[in-house]
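A short write-up of the structure that comes next.
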Amino acid sequence: MGNNRLLILSVFLAVATYFSNPFFTFENGINKDLVSYWDREISTIKNTCKAGISMPTNVSVNFGETDDAIGYCQKYSNGFKIVLNEQYWYHNLDGSGKRQLLLHEMCHCIFNIKHNSDEKHFMYPEFTKIDENTLLNQLEGTIKSSSNCLR
Ligand SMILES: [Zn+2]
């Protein structure tokens with residue numbers, strides 16, 4: 001009985017690896033040091049999307065390798081992951097900078113928002129600090145027309 005179960009699990013994992021389903025290749029969950037930031041920005045978003053947001057169940061937010069970027073969003077058919085540069089997060093960003101970076105990646109991942117060519121916009125591809133009130137105004141203007149923002 002116990003052995004059979006183990007075998008079934010092994011086969012399951014082998015098949016999963018074979019198809020390289022991203023569900024099995026990234027860690028699910030929010031890094032504990034990022035939970036409070038994540039929760040805060042989910043609340044921020046819900047102020048605009050008052051009827052809720054359409055969110056996949058398989059979500060990962062973590063520090064990791066970001067190459068030349070300071071963060072990125074990778075989407076999968078069943079979820080997404082946000083990866084942030086830990087050094088940059090702790091040494092280069094103040095509180096509102098952290099909000100700006102996280103909201104930028106959340107807009108990519110949750111609302112399918114693309115980059116903006118205005119360098120004073122929080123969806124500009126390179127990070128340039130924007131004051132918090134402007135950030136929140138830009139956020140509302142950016143996500144309110146997304147189909148994942150229920151109003
Ligand atoms: Zn971006």
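Chain labels follow the order of the structure tokens: the first chain is A, the next B, and so on; residue numbering restarts at 1 in every chain, and ligands are counted from 1 in their shown order.
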
Skip Asn31 of chain A itself and residues of its chain fewer than 2 positions away, then list as a PDB file with N, CA and C atoms, in the first residue's frame all residues within 6 Å of it, counting only C-alpha atoms.
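Dumped everything to out37.pdb:
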```pdb
ATOM      1  N   ASP A  33       9.364  37.491   3.526  1.00  0.00           N
ATOM      2  CA  ASP A  33       9.760  38.888   3.685  1.00  0.00           C
ATOM      3  C   ASP A  33       9.014  39.818   2.735  1.00  0.00           C
ATOM      4  N   LEU A  34       8.299  39.230   1.778  1.00  0.00           N
ATOM      5  CA  LEU A  34       7.569  40.049   0.801  1.00  0.00           C
ATOM      6  C   LEU A  34       6.064  40.017   1.028  1.00  0.00           C
ATOM      7  N   ASN A  62       9.155  36.086  -5.303  1.00  0.00           N
ATOM      8  CA  ASN A  62      10.367  35.722  -4.587  1.00  0.00           C
ATOM      9  C   ASN A  62      11.561  36.547  -5.055  1.00  0.00           C
TER      10      ASN A  62
END
```

Test item: residues at most 6 Å from segment 80-97 of chain A, only C-alpha atoms, excluding those fewer than 4 positions along its chain, as an MDAnalysis selection string: chainID A and resid 59:64 66 70:76

Exercise answer, 8 Å around ligand 1 with only C-alpha atoms and all ligand atoms, as a ChimeraX atom specification: /A:71-73,104-105,108,114-115,123-126

I need the strand (DSSP E or B) residues of chain A per DSSP on the backbone, written as an MDAnalysis selection string. chainID A and resid 29:30 52:53 58:63 71:76 79:84 149:150

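With atom CA of Gly29 of chain A on one side and atom CA of Phe127 of chain A on the other, the separation reads 25.2 Å.
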
Selection near segment 145-148 of chain A, 7 Å with only C-alpha atoms, sequence-local residues under 6 positions removed, as a PDB file with C-alpha atoms, in the first residue's frame:
```pdb
ATOM      1  CA  ILE A  53      -9.431  40.772  -9.501  1.00  0.00           C
ATOM      2  CA  SER A  54      -9.095  37.715 -11.631  1.00  0.00           C
ATOM      3  CA  PHE A 111      -3.377  42.656 -15.702  1.00  0.00           C
TER       4      PHE A 111
END
```

Go through segment 15-148 of chain A and collect every residue that DSSP, computed from the backbone, puts in helix (DSSP H, G or I); the answer should be as a PDB file with N, CA and C atoms, in the first residue's frame.
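Written output follows (states.pdb):
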```pdb
ATOM      1  N   VAL A  15       6.377  12.174 -15.189  1.00  0.00           N
ATOM      2  CA  VAL A  15       5.562  12.701 -16.280  1.00  0.00           C
ATOM      3  C   VAL A  15       5.576  14.233 -16.237  1.00  0.00           C
ATOM      4  N   ALA A  16       5.455  14.762 -15.034  1.00  0.00           N
ATOM      5  CA  ALA A  16       5.441  16.219 -14.882  1.00  0.00           C
ATOM      6  C   ALA A  16       6.745  16.818 -15.374  1.00  0.00           C
ATOM      7  N   THR A  17       7.857  16.181 -15.040  1.00  0.00           N
ATOM      8  CA  THR A  17       9.157  16.682 -15.460  1.00  0.00           C
ATOM      9  C   THR A  17       9.304  16.574 -16.970  1.00  0.00           C
ATOM     10  N   TYR A  18       8.819  15.459 -17.498  1.00  0.00           N
ATOM     11  CA  TYR A  18       8.938  15.222 -18.931  1.00  0.00           C
ATOM     12  C   TYR A  18       8.265  16.348 -19.719  1.00  0.00           C
ATOM     13  N   PRO A  22       5.357  24.112 -15.949  1.00  0.00           N
ATOM     14  CA  PRO A  22       5.905  25.103 -15.009  1.00  0.00           C
ATOM     15  C   PRO A  22       5.311  25.021 -13.603  1.00  0.00           C
ATOM     16  N   PHE A  23       4.151  24.403 -13.503  1.00  0.00           N
ATOM     17  CA  PHE A  23       3.558  24.214 -12.180  1.00  0.00           C
ATOM     18  C   PHE A  23       4.535  23.526 -11.235  1.00  0.00           C
ATOM     19  N   PHE A  24       5.351  22.651 -11.779  1.00  0.00           N
ATOM     20  CA  PHE A  24       6.250  21.857 -10.937  1.00  0.00           C
ATOM     21  C   PHE A  24       7.657  22.428 -10.883  1.00  0.00           C
ATOM     22  N   VAL A  35       5.619  39.195   1.973  1.00  0.00           N
ATOM     23  CA  VAL A  35       4.172  39.026   2.191  1.00  0.00           C
ATOM     24  C   VAL A  35       3.490  40.350   2.517  1.00  0.00           C
ATOM     25  N   SER A  36       4.074  41.136   3.427  1.00  0.00           N
ATOM     26  CA  SER A  36       3.400  42.375   3.835  1.00  0.00           C
ATOM     27  C   SER A  36       3.315  43.355   2.664  1.00  0.00           C
ATOM     28  N   TYR A  37       4.375  43.389   1.837  1.00  0.00           N
ATOM     29  CA  TYR A  37       4.358  44.270   0.662  1.00  0.00           C
ATOM     30  C   TYR A  37       3.315  43.792  -0.350  1.00  0.00           C
ATOM     31  N   TRP A  38       3.316  42.484  -0.568  1.00  0.00           N
ATOM     32  CA  TRP A  38       2.360  41.885  -1.509  1.00  0.00           C
ATOM     33  C   TRP A  38       0.925  42.175  -1.057  1.00  0.00           C
ATOM     34  N   ASP A  39       0.641  41.909   0.210  1.00  0.00           N
ATOM     35  CA  ASP A  39      -0.719  42.113   0.730  1.00  0.00           C
ATOM     36  C   ASP A  39      -1.147  43.579   0.600  1.00  0.00           C
ATOM     37  N   ARG A  40      -0.204  44.463   0.878  1.00  0.00           N
ATOM     38  CA  ARG A  40      -0.533  45.883   0.790  1.00  0.00           C
ATOM     39  C   ARG A  40      -0.918  46.272  -0.640  1.00  0.00           C
ATOM     40  N   GLU A  41      -0.152  45.789  -1.621  1.00  0.00           N
ATOM     41  CA  GLU A  41      -0.444  46.188  -3.005  1.00  0.00           C
ATOM     42  C   GLU A  41      -1.676  45.475  -3.555  1.00  0.00           C
ATOM     43  N   ILE A  42      -1.966  44.287  -3.041  1.00  0.00           N
ATOM     44  CA  ILE A  42      -3.237  43.647  -3.411  1.00  0.00           C
ATOM     45  C   ILE A  42      -4.387  44.536  -2.923  1.00  0.00           C
ATOM     46  N   SER A  43      -4.253  45.073  -1.710  1.00  0.00           N
ATOM     47  CA  SER A  43      -5.272  45.997  -1.196  1.00  0.00           C
ATOM     48  C   SER A  43      -5.353  47.257  -2.048  1.00  0.00           C
ATOM     49  N   THR A  44      -4.197  47.787  -2.432  1.00  0.00           N
ATOM     50  CA  THR A  44      -4.160  48.980  -3.286  1.00  0.00           C
ATOM     51  C   THR A  44      -4.944  48.732  -4.571  1.00  0.00           C
ATOM     52  N   ILE A  45      -4.681  47.583  -5.174  1.00  0.00           N
ATOM     53  CA  ILE A  45      -5.343  47.230  -6.429  1.00  0.00           C
ATOM     54  C   ILE A  45      -6.851  47.083  -6.219  1.00  0.00           C
ATOM     55  N   LYS A  46      -7.213  46.518  -5.080  1.00  0.00           N
ATOM     56  CA  LYS A  46      -8.637  46.291  -4.823  1.00  0.00           C
ATOM     57  C   LYS A  46      -9.398  47.588  -4.581  1.00  0.00           C
ATOM     58  N   ASN A  47      -8.668  48.674  -4.288  1.00  0.00           N
ATOM     59  CA  ASN A  47      -9.336  49.968  -4.206  1.00  0.00           C
ATOM     60  C   ASN A  47      -9.832  50.423  -5.573  1.00  0.00           C
ATOM     61  N   THR A  48      -9.126  50.000  -6.614  1.00  0.00           N
ATOM     62  CA  THR A  48      -9.562  50.333  -7.971  1.00  0.00           C
ATOM     63  C   THR A  48     -10.503  49.259  -8.513  1.00  0.00           C
ATOM     64  N   GLU A  86      17.211  40.927  -4.954  1.00  0.00           N
ATOM     65  CA  GLU A  86      17.227  41.130  -3.511  1.00  0.00           C
ATOM     66  C   GLU A  86      18.130  42.298  -3.092  1.00  0.00           C
ATOM     67  N   GLN A  87      19.303  42.398  -3.718  1.00  0.00           N
ATOM     68  CA  GLN A  87      20.239  43.488  -3.396  1.00  0.00           C
ATOM     69  C   GLN A  87      19.587  44.838  -3.650  1.00  0.00           C
ATOM     70  N   TYR A  88      18.973  44.945  -4.831  1.00  0.00           N
ATOM     71  CA  TYR A  88      18.354  46.213  -5.204  1.00  0.00           C
ATOM     72  C   TYR A  88      17.198  46.546  -4.270  1.00  0.00           C
ATOM     73  N   TRP A  89      16.420  45.527  -3.960  1.00  0.00           N
ATOM     74  CA  TRP A  89      15.249  45.717  -3.094  1.00  0.00           C
ATOM     75  C   TRP A  89      15.662  46.300  -1.742  1.00  0.00           C
ATOM     76  N   TYR A  90      16.717  45.743  -1.156  1.00  0.00           N
ATOM     77  CA  TYR A  90      17.084  46.180   0.193  1.00  0.00           C
ATOM     78  C   TYR A  90      17.982  47.416   0.218  1.00  0.00           C
ATOM     79  N   HIS A  91      18.757  47.630  -0.840  1.00  0.00           N
ATOM     80  CA  HIS A  91      19.759  48.698  -0.775  1.00  0.00           C
ATOM     81  C   HIS A  91      19.437  49.915  -1.625  1.00  0.00           C
ATOM     82  N   GLY A  95      10.533  52.876   0.789  1.00  0.00           N
ATOM     83  CA  GLY A  95       9.195  52.278   0.853  1.00  0.00           C
ATOM     84  C   GLY A  95       8.373  52.487  -0.406  1.00  0.00           C
ATOM     85  N   SER A  96       8.368  53.723  -0.923  1.00  0.00           N
ATOM     86  CA  SER A  96       7.541  53.958  -2.104  1.00  0.00           C
ATOM     87  C   SER A  96       8.173  53.366  -3.360  1.00  0.00           C
ATOM     88  N   GLY A  97       9.505  53.266  -3.376  1.00  0.00           N
ATOM     89  CA  GLY A  97      10.184  52.602  -4.492  1.00  0.00           C
ATOM     90  C   GLY A  97       9.831  51.129  -4.553  1.00  0.00           C
ATOM     91  N   LYS A  98       9.740  50.502  -3.377  1.00  0.00           N
ATOM     92  CA  LYS A  98       9.344  49.090  -3.317  1.00  0.00           C
ATOM     93  C   LYS A  98       7.919  48.926  -3.844  1.00  0.00           C
ATOM     94  N   ARG A  99       7.044  49.856  -3.460  1.00  0.00           N
ATOM     95  CA  ARG A  99       5.666  49.802  -3.962  1.00  0.00           C
ATOM     96  C   ARG A  99       5.668  49.881  -5.485  1.00  0.00           C
ATOM     97  N   GLN A 100       6.462  50.831  -6.000  1.00  0.00           N
ATOM     98  CA  GLN A 100       6.484  51.069  -7.442  1.00  0.00           C
ATOM     99  C   GLN A 100       6.969  49.838  -8.205  1.00  0.00           C
ATOM    100  N   LEU A 101       8.052  49.229  -7.735  1.00  0.00           N
ATOM    101  CA  LEU A 101       8.577  48.045  -8.421  1.00  0.00           C
ATOM    102  C   LEU A 101       7.585  46.888  -8.367  1.00  0.00           C
ATOM    103  N   LEU A 102       7.024  46.658  -7.197  1.00  0.00           N
ATOM    104  CA  LEU A 102       6.098  45.535  -7.062  1.00  0.00           C
ATOM    105  C   LEU A 102       4.837  45.760  -7.905  1.00  0.00           C
ATOM    106  N   LEU A 103       4.302  46.973  -7.869  1.00  0.00           N
ATOM    107  CA  LEU A 103       3.105  47.267  -8.676  1.00  0.00           C
ATOM    108  C   LEU A 103       3.400  47.133 -10.175  1.00  0.00           C
ATOM    109  N   HIS A 104       4.603  47.528 -10.580  1.00  0.00           N
ATOM    110  CA  HIS A 104       5.004  47.377 -11.982  1.00  0.00           C
ATOM    111  C   HIS A 104       4.906  45.902 -12.400  1.00  0.00           C
ATOM    112  N   GLU A 105       5.521  45.030 -11.600  1.00  0.00           N
ATOM    113  CA  GLU A 105       5.510  43.606 -11.949  1.00  0.00           C
ATOM    114  C   GLU A 105       4.106  43.012 -11.818  1.00  0.00           C
ATOM    115  N   MET A 106       3.352  43.464 -10.837  1.00  0.00           N
ATOM    116  CA  MET A 106       1.973  42.976 -10.676  1.00  0.00           C
ATOM    117  C   MET A 106       1.118  43.367 -11.879  1.00  0.00           C
ATOM    118  N   CYS A 107       1.342  44.561 -12.423  1.00  0.00           N
ATOM    119  CA  CYS A 107       0.571  44.985 -13.600  1.00  0.00           C
ATOM    120  C   CYS A 107       0.875  44.097 -14.796  1.00  0.00           C
ATOM    121  N   HIS A 108       2.155  43.718 -14.962  1.00  0.00           N
ATOM    122  CA  HIS A 108       2.486  42.763 -16.025  1.00  0.00           C
ATOM    123  C   HIS A 108       1.752  41.447 -15.789  1.00  0.00           C
ATOM    124  N   CYS A 109       1.907  40.915 -14.578  1.00  0.00           N
ATOM    125  CA  CYS A 109       1.481  39.534 -14.308  1.00  0.00           C
ATOM    126  C   CYS A 109      -0.036  39.398 -14.132  1.00  0.00           C
ATOM    127  N   ILE A 110      -0.651  40.325 -13.433  1.00  0.00           N
ATOM    128  CA  ILE A 110      -2.076  40.176 -13.111  1.00  0.00           C
ATOM    129  C   ILE A 110      -2.950  40.786 -14.202  1.00  0.00           C
ATOM    130  N   PHE A 111      -2.500  41.926 -14.774  1.00  0.00           N
ATOM    131  CA  PHE A 111      -3.377  42.656 -15.702  1.00  0.00           C
ATOM    132  C   PHE A 111      -2.890  42.672 -17.146  1.00  0.00           C
ATOM    133  N   GLU A 132       4.555  59.048  -4.846  1.00  0.00           N
ATOM    134  CA  GLU A 132       3.550  58.036  -4.528  1.00  0.00           C
ATOM    135  C   GLU A 132       2.145  58.405  -5.031  1.00  0.00           C
ATOM    136  N   ASN A 133       1.766  59.670  -4.928  1.00  0.00           N
ATOM    137  CA  ASN A 133       0.433  60.050  -5.410  1.00  0.00           C
ATOM    138  C   ASN A 133       0.308  59.862  -6.918  1.00  0.00           C
ATOM    139  N   THR A 134       1.367  60.246  -7.635  1.00  0.00           N
ATOM    140  CA  THR A 134       1.372  60.053  -9.090  1.00  0.00           C
ATOM    141  C   THR A 134       1.296  58.575  -9.419  1.00  0.00           C
ATOM    142  N   LEU A 135       2.078  57.789  -8.676  1.00  0.00           N
ATOM    143  CA  LEU A 135       2.074  56.334  -8.875  1.00  0.00           C
ATOM    144  C   LEU A 135       0.658  55.764  -8.755  1.00  0.00           C
ATOM    145  N   LEU A 136      -0.039  56.165  -7.704  1.00  0.00           N
ATOM    146  CA  LEU A 136      -1.375  55.595  -7.472  1.00  0.00           C
ATOM    147  C   LEU A 136      -2.371  56.070  -8.536  1.00  0.00           C
ATOM    148  N   ASN A 137      -2.220  57.318  -8.984  1.00  0.00           N
ATOM    149  CA  ASN A 137      -3.073  57.794 -10.083  1.00  0.00           C
ATOM    150  C   ASN A 137      -2.796  57.029 -11.369  1.00  0.00           C
ATOM    151  N   GLN A 138      -1.506  56.837 -11.655  1.00  0.00           N
ATOM    152  CA  GLN A 138      -1.135  56.089 -12.867  1.00  0.00           C
ATOM    153  C   GLN A 138      -1.643  54.659 -12.788  1.00  0.00           C
ATOM    154  N   LEU A 139      -1.548  54.074 -11.607  1.00  0.00           N
ATOM    155  CA  LEU A 139      -2.002  52.690 -11.432  1.00  0.00           C
ATOM    156  C   LEU A 139      -3.479  52.562 -11.792  1.00  0.00           C
ATOM    157  N   GLU A 140      -4.289  53.451 -11.246  1.00  0.00           N
ATOM    158  CA  GLU A 140      -5.725  53.381 -11.522  1.00  0.00           C
ATOM    159  C   GLU A 140      -6.001  53.516 -13.016  1.00  0.00           C
ATOM    160  N   GLY A 141      -5.332  54.510 -13.643  1.00  0.00           N
ATOM    161  CA  GLY A 141      -5.523  54.708 -15.081  1.00  0.00           C
ATOM    162  C   GLY A 141      -5.080  53.514 -15.900  1.00  0.00           C
ATOM    163  N   THR A 142      -4.102  52.777 -15.361  1.00  0.00           N
ATOM    164  CA  THR A 142      -3.530  51.649 -16.103  1.00  0.00           C
ATOM    165  C   THR A 142      -4.383  50.392 -16.005  1.00  0.00           C
ATOM    166  N   ILE A 143      -4.910  50.107 -14.817  1.00  0.00           N
ATOM    167  CA  ILE A 143      -5.559  48.800 -14.638  1.00  0.00           C
ATOM    168  C   ILE A 143      -7.075  48.834 -14.813  1.00  0.00           C
TER     169      ILE A 143
END
```

Record the distance separating atom CA of Asp118 of chain A and atom CA of Gly52 of chain A, expressed in Å with one decimal. 28.2 Å

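Note that the spacing between atom CA of His121 of chain A and atom CA of Ala69 of chain A amounts to 17.2 Å.
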